[in-house]
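Undergrad: So I've got this file, data.txt, and it contains compact mmCIF, C-alpha atoms:
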```txt
# COMPACT_ATOMS: atom_id res chain seq x y z
CA MET A 1 100.76 148.37 66.67
CA THR A 2 102.66 147.24 69.72
CA LEU A 3 100.87 146.78 73.00
CA LEU A 4 103.03 149.24 74.90
CA ARG A 5 104.12 152.39 73.13
CA PRO A 6 106.96 154.73 74.18
CA GLY A 7 104.59 157.29 75.67
CA ASP A 8 103.00 154.57 77.78
CA PHE A 9 106.29 153.90 79.57
CA LEU A 10 106.72 157.63 80.06
CA LEU A 11 103.24 157.94 81.52
CA LEU A 12 103.65 154.89 83.77
CA THR A 13 106.90 156.33 85.11
CA ALA A 14 105.24 159.69 85.67
CA GLY A 15 102.41 157.89 87.47
CA GLY A 16 104.95 156.13 89.67
CA PHE A 17 106.47 159.49 90.59
CA VAL A 18 103.04 160.85 91.41
CA VAL A 19 102.38 157.91 93.75
CA VAL A 20 105.77 158.23 95.46
CA GLY A 21 105.33 162.00 95.72
CA LEU A 22 101.91 161.62 97.30
CA ALA A 23 103.23 158.99 99.72
CA LEU A 24 106.06 161.30 100.81
CA PHE A 25 103.66 164.23 101.03
CA SER A 26 100.95 162.56 103.09
CA TRP A 27 102.89 159.96 105.09
CA GLY A 28 106.30 161.54 105.48
CA GLY A 29 105.16 164.42 107.64
CA GLY A 30 108.73 164.82 108.75
CA ARG A 31 110.23 162.90 111.65
CA GLY A 32 110.50 164.85 114.83
CA ASP A 33 113.80 165.79 116.42
CA THR A 34 112.68 167.51 119.62
CA ALA A 35 110.41 166.54 122.50
CA ILE A 36 108.61 169.33 124.32
CA ILE A 37 107.37 168.45 127.80
CA ARG A 38 104.78 170.65 129.44
CA VAL A 39 103.30 170.68 132.92
CA ALA A 40 100.10 172.67 133.37
CA GLY A 41 100.68 174.31 130.01
CA GLN A 42 104.17 175.57 130.84
CA VAL A 43 107.17 174.16 128.98
CA VAL A 44 109.42 172.55 131.58
CA GLU A 45 111.78 170.66 129.35
CA THR A 46 112.80 170.80 125.69
CA SER A 47 114.87 167.79 124.87
CA SER A 48 116.56 166.70 121.68
CA LEU A 49 115.69 163.18 120.49
CA ALA A 50 119.35 162.56 119.65
CA ARG A 51 120.23 160.34 122.62
CA ALA A 52 118.45 158.23 125.18
CA ARG A 53 117.53 159.71 128.53
CA LEU A 54 114.82 159.62 131.17
CA VAL A 55 112.98 162.78 132.20
CA SER A 56 110.88 162.96 135.36
CA VAL A 57 108.41 165.78 135.91
CA ASN A 58 105.96 166.37 138.75
CA GLY A 59 102.28 167.10 138.23
CA PRO A 60 99.38 167.44 140.67
CA LEU A 61 99.01 163.65 141.00
CA GLY A 62 102.64 162.74 141.20
CA MET A 63 105.60 161.95 139.02
CA THR A 64 105.42 161.31 135.27
CA GLN A 65 108.39 159.62 133.65
CA ILE A 66 109.17 160.34 130.02
CA GLU A 67 111.56 158.06 128.22
CA ILE A 68 113.51 159.43 125.29
CA GLN A 69 115.34 157.24 122.81
CA PRO A 70 117.09 158.22 119.58
CA GLY A 71 114.30 159.45 117.28
CA ARG A 72 111.38 158.77 119.59
CA ALA A 73 109.86 159.43 122.98
CA ARG A 74 107.08 158.04 125.16
CA VAL A 75 105.45 158.42 128.52
CA ALA A 76 106.92 155.51 130.43
CA SER A 77 104.85 155.86 133.59
CA ASP A 78 102.18 158.20 134.86
CA PRO A 79 99.87 158.24 137.88
CA SER A 80 96.77 159.04 135.78
CA PRO A 81 93.99 156.46 136.38
CA ARG A 82 93.29 155.50 132.76
CA GLN A 83 96.90 155.50 131.55
CA LEU A 84 95.90 156.93 128.17
CA CYS A 85 99.17 158.76 127.59
CA VAL A 86 101.17 155.63 128.45
CA LYS A 87 99.08 153.56 126.05
CA ARG A 88 99.74 156.16 123.33
CA GLY A 89 103.11 154.44 122.96
CA TRP A 90 106.14 155.73 121.13
CA LEU A 91 105.94 159.11 119.39
CA SER A 92 108.23 159.85 116.48
CA GLN A 93 106.40 162.00 113.89
CA ALA A 94 106.41 165.77 114.15
CA GLY A 95 103.06 166.81 115.62
CA ASP A 96 102.56 163.60 117.60
CA ALA A 97 101.59 164.19 121.20
CA ALA A 98 100.73 162.24 124.34
CA LEU A 99 98.56 163.93 126.94
CA CYS A 100 98.26 162.94 130.59
CA LEU A 101 95.35 165.22 131.41
CA PRO A 102 94.79 164.23 135.08
CA ASN A 103 98.42 164.92 135.83
CA GLN A 104 98.50 167.93 133.45
CA VAL A 105 101.57 166.64 131.63
CA SER A 106 101.99 166.60 127.86
CA VAL A 107 104.73 165.43 125.53
CA GLU A 108 104.82 166.84 122.03
CA ILE A 109 107.20 166.02 119.20
CA ARG A 110 108.47 168.83 117.02
CA GLY A 111 110.24 168.56 113.69
CA ARG A 112 112.24 171.07 111.78
CA SER A 113 109.02 172.37 110.27
CA ALA A 114 106.09 172.35 112.67
CA ALA A 115 103.14 170.29 111.44
CA TYR A 116 100.73 172.63 113.23
CA ASP A 117 100.95 176.28 114.15
CA THR A 118 99.49 175.60 117.57
CA LEU A 119 97.77 172.80 119.44
CA GLY A 120 95.19 173.56 122.12
CA TYR A 121 94.42 170.89 124.71
CA MET B 122 38.34 154.44 74.77
CA THR B 123 41.16 154.53 72.39
CA ARG B 124 44.23 152.52 72.90
CA SER B 125 47.29 154.43 71.99
CA VAL B 126 50.65 152.92 71.44
CA ILE B 127 53.63 155.09 72.04
CA GLU B 128 56.43 154.00 69.89
CA LEU B 129 59.92 155.19 70.52
CA PRO B 130 62.14 154.89 67.53
CA VAL B 131 65.20 152.83 68.37
CA SER B 132 68.25 153.41 66.27
CA ALA B 133 71.11 150.99 65.73
CA ASP B 134 73.21 153.26 67.95
CA ASP B 135 70.73 152.88 70.81
CA ARG B 136 70.86 149.10 70.56
CA ARG B 137 74.62 149.14 70.49
CA ILE B 138 74.84 151.44 73.52
CA ALA B 139 72.36 149.25 75.42
CA GLY B 140 74.30 146.09 74.65
CA LEU B 141 77.65 147.60 75.59
CA ALA B 142 76.21 149.13 78.76
CA ALA B 143 74.85 145.69 79.70
CA ILE B 144 78.37 144.25 79.51
CA ALA B 145 79.76 147.09 81.65
CA ILE B 146 76.94 146.63 84.19
CA GLY B 147 77.65 142.89 84.33
CA LEU B 148 81.31 143.61 85.14
CA THR B 149 80.27 146.16 87.79
CA LEU B 150 78.06 143.57 89.49
CA ALA B 151 80.74 140.89 89.33
CA GLU B 152 83.23 143.34 90.82
CA ALA B 153 80.90 144.25 93.69
CA ALA B 154 81.38 140.71 94.97
CA ILE B 155 85.15 141.18 95.30
CA PRO B 156 86.00 142.21 98.86
CA SER B 157 88.18 145.31 99.19
CA PRO B 158 90.14 146.50 102.23
CA VAL B 159 89.49 150.17 101.42
CA PRO B 160 86.11 151.28 100.06
CA GLY B 161 86.59 152.69 96.59
CA VAL B 162 89.70 150.67 95.73
CA LYS B 163 88.47 148.36 92.99
CA PRO B 164 89.91 146.99 89.76
CA GLY B 165 87.36 149.00 87.75
CA LEU B 166 86.81 146.24 85.20
CA ALA B 167 83.93 148.16 83.61
CA ASN B 168 86.50 150.73 82.51
CA ILE B 169 87.89 148.12 80.11
CA VAL B 170 84.56 148.23 78.31
CA ILE B 171 84.37 152.04 78.44
CA LEU B 172 87.83 152.45 76.93
CA LEU B 173 87.22 149.81 74.25
CA VAL B 174 83.95 151.51 73.34
CA MET B 175 85.66 154.89 73.09
CA LEU B 176 88.41 153.57 70.84
CA GLN B 177 85.95 151.68 68.61
CA TYR B 178 82.84 153.87 68.53
CA GLY B 179 83.93 157.27 69.80
CA TRP B 180 83.76 159.28 72.99
CA LYS B 181 80.03 160.04 72.89
CA THR B 182 79.05 156.37 72.88
CA ALA B 183 81.54 155.73 75.69
CA ALA B 184 79.99 158.53 77.76
CA TRP B 185 76.53 157.01 77.31
CA VAL B 186 77.77 153.55 78.27
CA SER B 187 79.66 154.88 81.29
CA LEU B 188 76.80 156.93 82.72
CA LEU B 189 74.25 154.17 82.05
CA ARG B 190 76.62 151.80 83.80
CA VAL B 191 76.73 153.99 86.91
CA LEU B 192 72.95 154.49 86.92
CA ALA B 193 71.83 150.91 86.23
CA GLY B 194 74.63 149.42 88.32
CA SER B 195 73.51 151.46 91.33
CA LEU B 196 69.87 150.44 90.80
CA LEU B 197 70.85 146.78 90.74
CA LEU B 198 73.13 147.06 93.77
CA GLY B 199 70.60 149.17 95.69
CA SER B 200 72.94 152.12 96.08
CA PHE B 201 71.02 154.59 93.89
CA LEU B 202 71.34 158.15 95.29
CA SER B 203 73.48 156.90 98.20
CA PRO B 204 76.86 158.55 98.83
CA GLY B 205 78.51 155.66 97.00
CA PHE B 206 76.43 156.39 93.92
CA TRP B 207 77.44 160.05 93.86
CA LEU B 208 81.10 159.18 94.37
CA SER B 209 80.86 156.69 91.53
CA ALA B 210 79.13 159.25 89.29
CA ALA B 211 81.74 161.90 90.09
CA GLY B 212 84.52 159.43 89.30
CA ALA B 213 82.94 158.37 86.02
CA THR B 214 82.30 161.98 84.98
CA LEU B 215 85.84 163.17 85.62
CA SER B 216 87.24 160.02 84.03
CA LEU B 217 85.22 160.78 80.87
CA ALA B 218 86.40 164.39 80.94
CA VAL B 219 90.02 163.21 81.12
CA LEU B 220 89.44 160.76 78.26
CA ALA B 221 87.85 163.53 76.18
CA ALA B 222 91.16 165.38 76.37
CA ALA B 223 93.48 162.37 76.33
CA ARG B 224 92.05 160.85 73.14
CA HIS B 225 93.74 163.64 71.22
CA LEU B 226 97.17 162.39 72.31
CA PRO B 227 99.17 161.09 69.35
CA ALA B 228 98.25 157.39 68.99
CA ARG B 229 101.71 156.60 67.70
CA TRP B 230 103.19 157.34 71.12
CA PHE B 231 100.35 156.82 73.55
CA GLY B 232 98.35 153.60 73.51
CA ALA B 233 95.48 152.16 75.48
CA VAL B 234 97.64 151.83 78.61
CA SER B 235 98.19 155.60 78.76
CA LEU B 236 94.51 156.34 78.26
CA SER B 237 93.54 153.78 80.90
CA VAL B 238 95.98 155.10 83.51
CA LEU B 239 94.90 158.68 82.88
CA ALA B 240 91.24 157.69 83.11
CA ALA B 241 91.91 155.79 86.36
CA PHE B 242 93.59 158.85 87.88
CA GLY B 243 90.63 160.92 86.70
CA HIS B 244 88.32 158.43 88.37
CA ILE B 245 89.95 158.59 91.80
CA SER B 246 90.34 162.37 91.52
CA GLY B 247 86.60 162.71 90.97
CA GLN B 248 85.78 160.30 93.78
CA LEU B 249 88.19 161.74 96.31
CA GLY B 250 87.43 165.31 95.26
CA LEU B 251 83.73 164.85 95.96
CA ALA B 252 84.41 162.86 99.14
CA TRP B 253 86.68 165.62 100.36
CA LEU B 254 84.28 168.45 99.50
CA TRP B 255 81.14 166.73 100.73
CA LEU B 256 81.80 163.91 103.19
CA LEU B 257 85.21 164.21 104.81
CA PRO B 258 86.58 167.75 104.60
CA THR B 259 89.42 166.83 106.95
CA ALA B 260 93.00 165.76 106.67
CA ALA B 261 92.12 162.08 107.20
CA LEU B 262 91.55 161.58 103.48
CA VAL B 263 95.04 162.83 102.70
CA LYS B 264 96.49 159.76 104.43
CA LEU B 265 94.64 157.54 101.94
CA LEU B 266 95.73 159.46 98.84
CA PRO B 267 98.80 157.32 98.09
CA VAL B 268 96.75 154.12 98.45
CA PHE B 269 94.17 155.34 95.94
CA ALA B 270 96.84 156.67 93.57
CA ALA B 271 98.79 153.39 93.68
CA ALA B 272 95.60 151.43 93.01
CA ALA B 273 94.76 153.73 90.09
CA LEU B 274 98.22 153.26 88.60
CA LEU B 275 98.20 149.47 89.03
CA PHE B 276 94.63 148.75 87.92
CA GLY B 277 94.76 151.44 85.23
CA ALA B 278 97.86 149.82 83.73
CA ILE B 279 96.40 146.28 83.92
CA ASN B 280 93.07 147.35 82.42
CA GLY B 281 94.85 149.32 79.70
CA PHE B 282 97.00 146.31 78.87
CA ILE B 283 93.87 144.15 78.57
CA VAL B 284 92.34 146.75 76.21
CA ALA B 285 95.52 146.83 74.12
CA ARG B 286 95.50 143.01 73.90
CA LEU B 287 91.84 142.92 72.89
CA LEU B 288 92.39 145.60 70.23
CA ALA B 289 95.41 143.76 68.84
CA ALA B 290 93.47 140.49 68.70
CA ASP B 291 90.59 142.26 66.97
CA GLU B 292 92.92 143.79 64.40
CA GLN B 293 94.51 140.44 63.71
CA ALA B 294 91.13 138.78 63.26
CA LYS B 295 90.10 141.48 60.79
CA ARG B 296 93.31 141.07 58.86
CA GLN B 297 92.86 137.30 58.59
CA SER B 298 89.24 137.53 57.50
CA SER B 299 90.06 139.85 54.60
CA PRO B 300 93.53 138.96 53.36
CA CYS B 301 93.13 141.00 50.16
CA THR B 302 92.98 144.41 51.82
CA PRO B 303 96.23 146.27 51.45
CA LEU B 304 97.89 146.80 54.80
```
Give the structure from the file, written as structure tokens.

TA:
Amino acid sequence: MTLLRPGDFLLLTAGGFVVVGLALFSWGGGRGDTAIIRVAGQVVETSSLARARLVSVNGPLGMTQIEIQPGRARVASDPSPRQLCVKRGWLSQAGDAALCLPNQVSVEIRGRSAAYDTLGY
Amino acid sequence: MTRSVIELPVSADDRRIAGLAAIAIGLTLAEAAIPSPVPGVKPGLANIVILLVMLQYGWKTAAWVSLLRVLAGSLLLGSFLSPGFWLSAAGATLSLAVLAAARHLPARWFGAVSLSVLAAFGHISGQLGLAWLWLLPTAALVKLLPVFAAAALLFGAINGFIVARLLAADEQAKRQSSPCTPL
């Protein structure tokens, strides 16, 4: 008997497909194509992630700057004391979000299919 | 006062199961010393023994060896009844269930590698299934699925290949020791 039989190759290939399928399913998530910027819960700007631009919005503490580059977005500067939303870094996956709670600003990335029905902050 | 001696009859099967389980337990202990980046991702060397036992002595013996391995291994490692023990037991149980079905695959087409890979996938399914139901019923586990599946495929294939090699060597040794038997 040979060490590897025809069915073994078939099964190994099938296993490979399972692994790739799982990776796409659980890591793919879908890249986002739209950034939704909210101030105090109200959408103030819906911007495509197609080209680079800088969006400035005003919250209770002052101005928050959101930088958009092809395929990703981030909070570039914010007056919030702990800078959590700035430290969140670049957002690119659908469902990613950066929240600047003291300044009541949020940036959320949306894909073609929404990862969540709704997000409550 | 009478001294009574309780004697438990020990059959040849019992001795064989004990010896094989001891080998599997030894491999489990050796493997526990290997550091792993993700808990639960291990080569599963004891599964080499389980699969060999199944192919040589049948599924029932393999089930005994596997469950004794989980029990005694956890006692020696001090993880008896801990979450890790239950995850291990769930993995071993589902792996045995998969093997019970997979051993009926035509041997002409599917060798030890197939059985080993299927058993490895059964193992992680049991582990992750229990972990998901009991410990982490959140989406976090989903992110680890591909890592576990890739490990199962890789280690399942390697272990299966080792089993196939051992079986081939065994067959060859038998053939050489009795050259008169018609092949």

Undergrad: At what distance in Å, to one decimal, does CA of Ala154 (chain B) lie from CA of Leu197 (chain B)?

TA: 12.9 Å

Undergrad: Select all residues from chain A having any atom no more than 7 Å from an atom of chain B (counting only C-alpha atoms, ignoring ligands), output as a tab-separated table (two decimals) with C-alpha atoms, in the frame of the given file.

TA:
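Now in iface10.tsv:
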```
chain	number	residue	atom	x	y	z
A	3	LEU	CA	100.87	146.78	73.00
A	4	LEU	CA	103.03	149.24	74.90
A	5	ARG	CA	104.12	152.39	73.13
A	6	PRO	CA	106.96	154.73	74.18
A	7	GLY	CA	104.59	157.29	75.67
A	8	ASP	CA	103.00	154.57	77.78
A	11	LEU	CA	103.24	157.94	81.52
A	15	GLY	CA	102.41	157.89	87.47
A	19	VAL	CA	102.38	157.91	93.75
A	22	LEU	CA	101.91	161.62	97.30
A	23	ALA	CA	103.23	158.99	99.72
A	26	SER	CA	100.95	162.56	103.09
A	27	TRP	CA	102.89	159.96	105.09
```

Undergrad: Write out as a Markdown table the residues of region 45-86 of chain A that have any atom within 8 Å of an atom of region 95-102 of chain A, one row each with the nearest atom pair and its distance in Å to one decimal, counting all atoms listed in the file, sorted by chain and then rising number.

TA:
```
| residue | atom | partner | partner_atom | distance |
| --- | --- | --- | --- | --- |
| A:Pro60 | CA | A:Pro102 | CA | 7.9 |
| A:Leu61 | CA | A:Pro102 | CA | 7.3 |
| A:Arg74 | CA | A:Ala98 | CA | 7.7 |
| A:Val75 | CA | A:Ala98 | CA | 7.4 |
| A:Asp78 | CA | A:Cys100 | CA | 7.5 |
| A:Ser80 | CA | A:Pro102 | CA | 5.6 |
| A:Pro81 | CA | A:Pro102 | CA | 7.9 |
| A:Gln83 | CA | A:Cys100 | CA | 7.6 |
| A:Leu84 | CA | A:Cys100 | CA | 6.9 |
| A:Cys85 | CA | A:Ala98 | CA | 5.0 |
| A:Val86 | CA | A:Ala98 | CA | 7.8 |
```

Undergrad: For the point (78.1, 163.4, 91.8) in the file's frame, write as an mmCIF file with C-alpha atoms, in the frame of the given file all residues with an atom no more than 7 Å away, counting only C-alpha atoms.

TA:
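Output file selection_4.cif follows:
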```
data_model
loop_
_atom_site.group_PDB
_atom_site.id
_atom_site.type_symbol
_atom_site.label_atom_id
_atom_site.label_comp_id
_atom_site.auth_asym_id
_atom_site.auth_seq_id
_atom_site.Cartn_x
_atom_site.Cartn_y
_atom_site.Cartn_z
ATOM 1 C CA TRP B 207 77.440 160.050 93.860
ATOM 2 C CA LEU B 208 81.100 159.180 94.370
ATOM 3 C CA ALA B 210 79.130 159.250 89.290
ATOM 4 C CA ALA B 211 81.740 161.900 90.090
#
```

Undergrad: Just the residues within 10 Å of Pro164 (chain B), please, counting all atoms listed in the file, with nothing from its chain fewer than 2 positions along; format it as a short mmCIF file (atom, residue, chain, number, x, y, z; two decimals) with C-alpha atoms, in the frame of the given file.

TA:
```cif
data_model
loop_
_atom_site.label_atom_id
_atom_site.label_comp_id
_atom_site.auth_asym_id
_atom_site.auth_seq_id
_atom_site.Cartn_x
_atom_site.Cartn_y
_atom_site.Cartn_z
CA THR B 149 80.27 146.16 87.79
CA GLU B 152 83.23 143.34 90.82
CA ILE B 155 85.15 141.18 95.30
CA SER B 157 88.18 145.31 99.19
CA GLY B 161 86.59 152.69 96.59
CA VAL B 162 89.70 150.67 95.73
CA LEU B 166 86.81 146.24 85.20
CA ALA B 167 83.93 148.16 83.61
CA ASN B 168 86.50 150.73 82.51
CA ILE B 169 87.89 148.12 80.11
CA ALA B 241 91.91 155.79 86.36
CA ALA B 272 95.60 151.43 93.01
CA ALA B 273 94.76 153.73 90.09
CA LEU B 275 98.20 149.47 89.03
CA PHE B 276 94.63 148.75 87.92
CA GLY B 277 94.76 151.44 85.23
CA ILE B 279 96.40 146.28 83.92
CA ASN B 280 93.07 147.35 82.42
#
```

Undergrad: Between CA of Ala76 (chain A) and CA of Gln93 (chain A), what is the distance, to one decimal in Å?

TA: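 Between CA of Ala76 (chain A) and CA of Gln93 (chain A) the gap is 17.8 Å.
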
Undergrad: Tell me, in Å to one decimal, how far CA of Gly165 (chain B) is from CA of His244 (chain B).

TA: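 CA of Gly165 (chain B) sits 9.5 Å away from CA of His244 (chain B).
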
Undergrad: Given only C-alpha atoms as the basis, pick out the residue of B:Leu196, B:Leu257, B:Val186, B:Leu220 nearest to Val174 (chain B).

TA: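 Between B:Leu196, B:Leu257, B:Val186, B:Leu220, the residue approaching Val174 (chain B) most closely is B:Val186.
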
Undergrad: Which is closest to Gly212 (chain B) among B:Gly199, B:Gly250, B:Gly179, B:Gly140, if we use all atoms listed in the file?

TA: B:Gly250
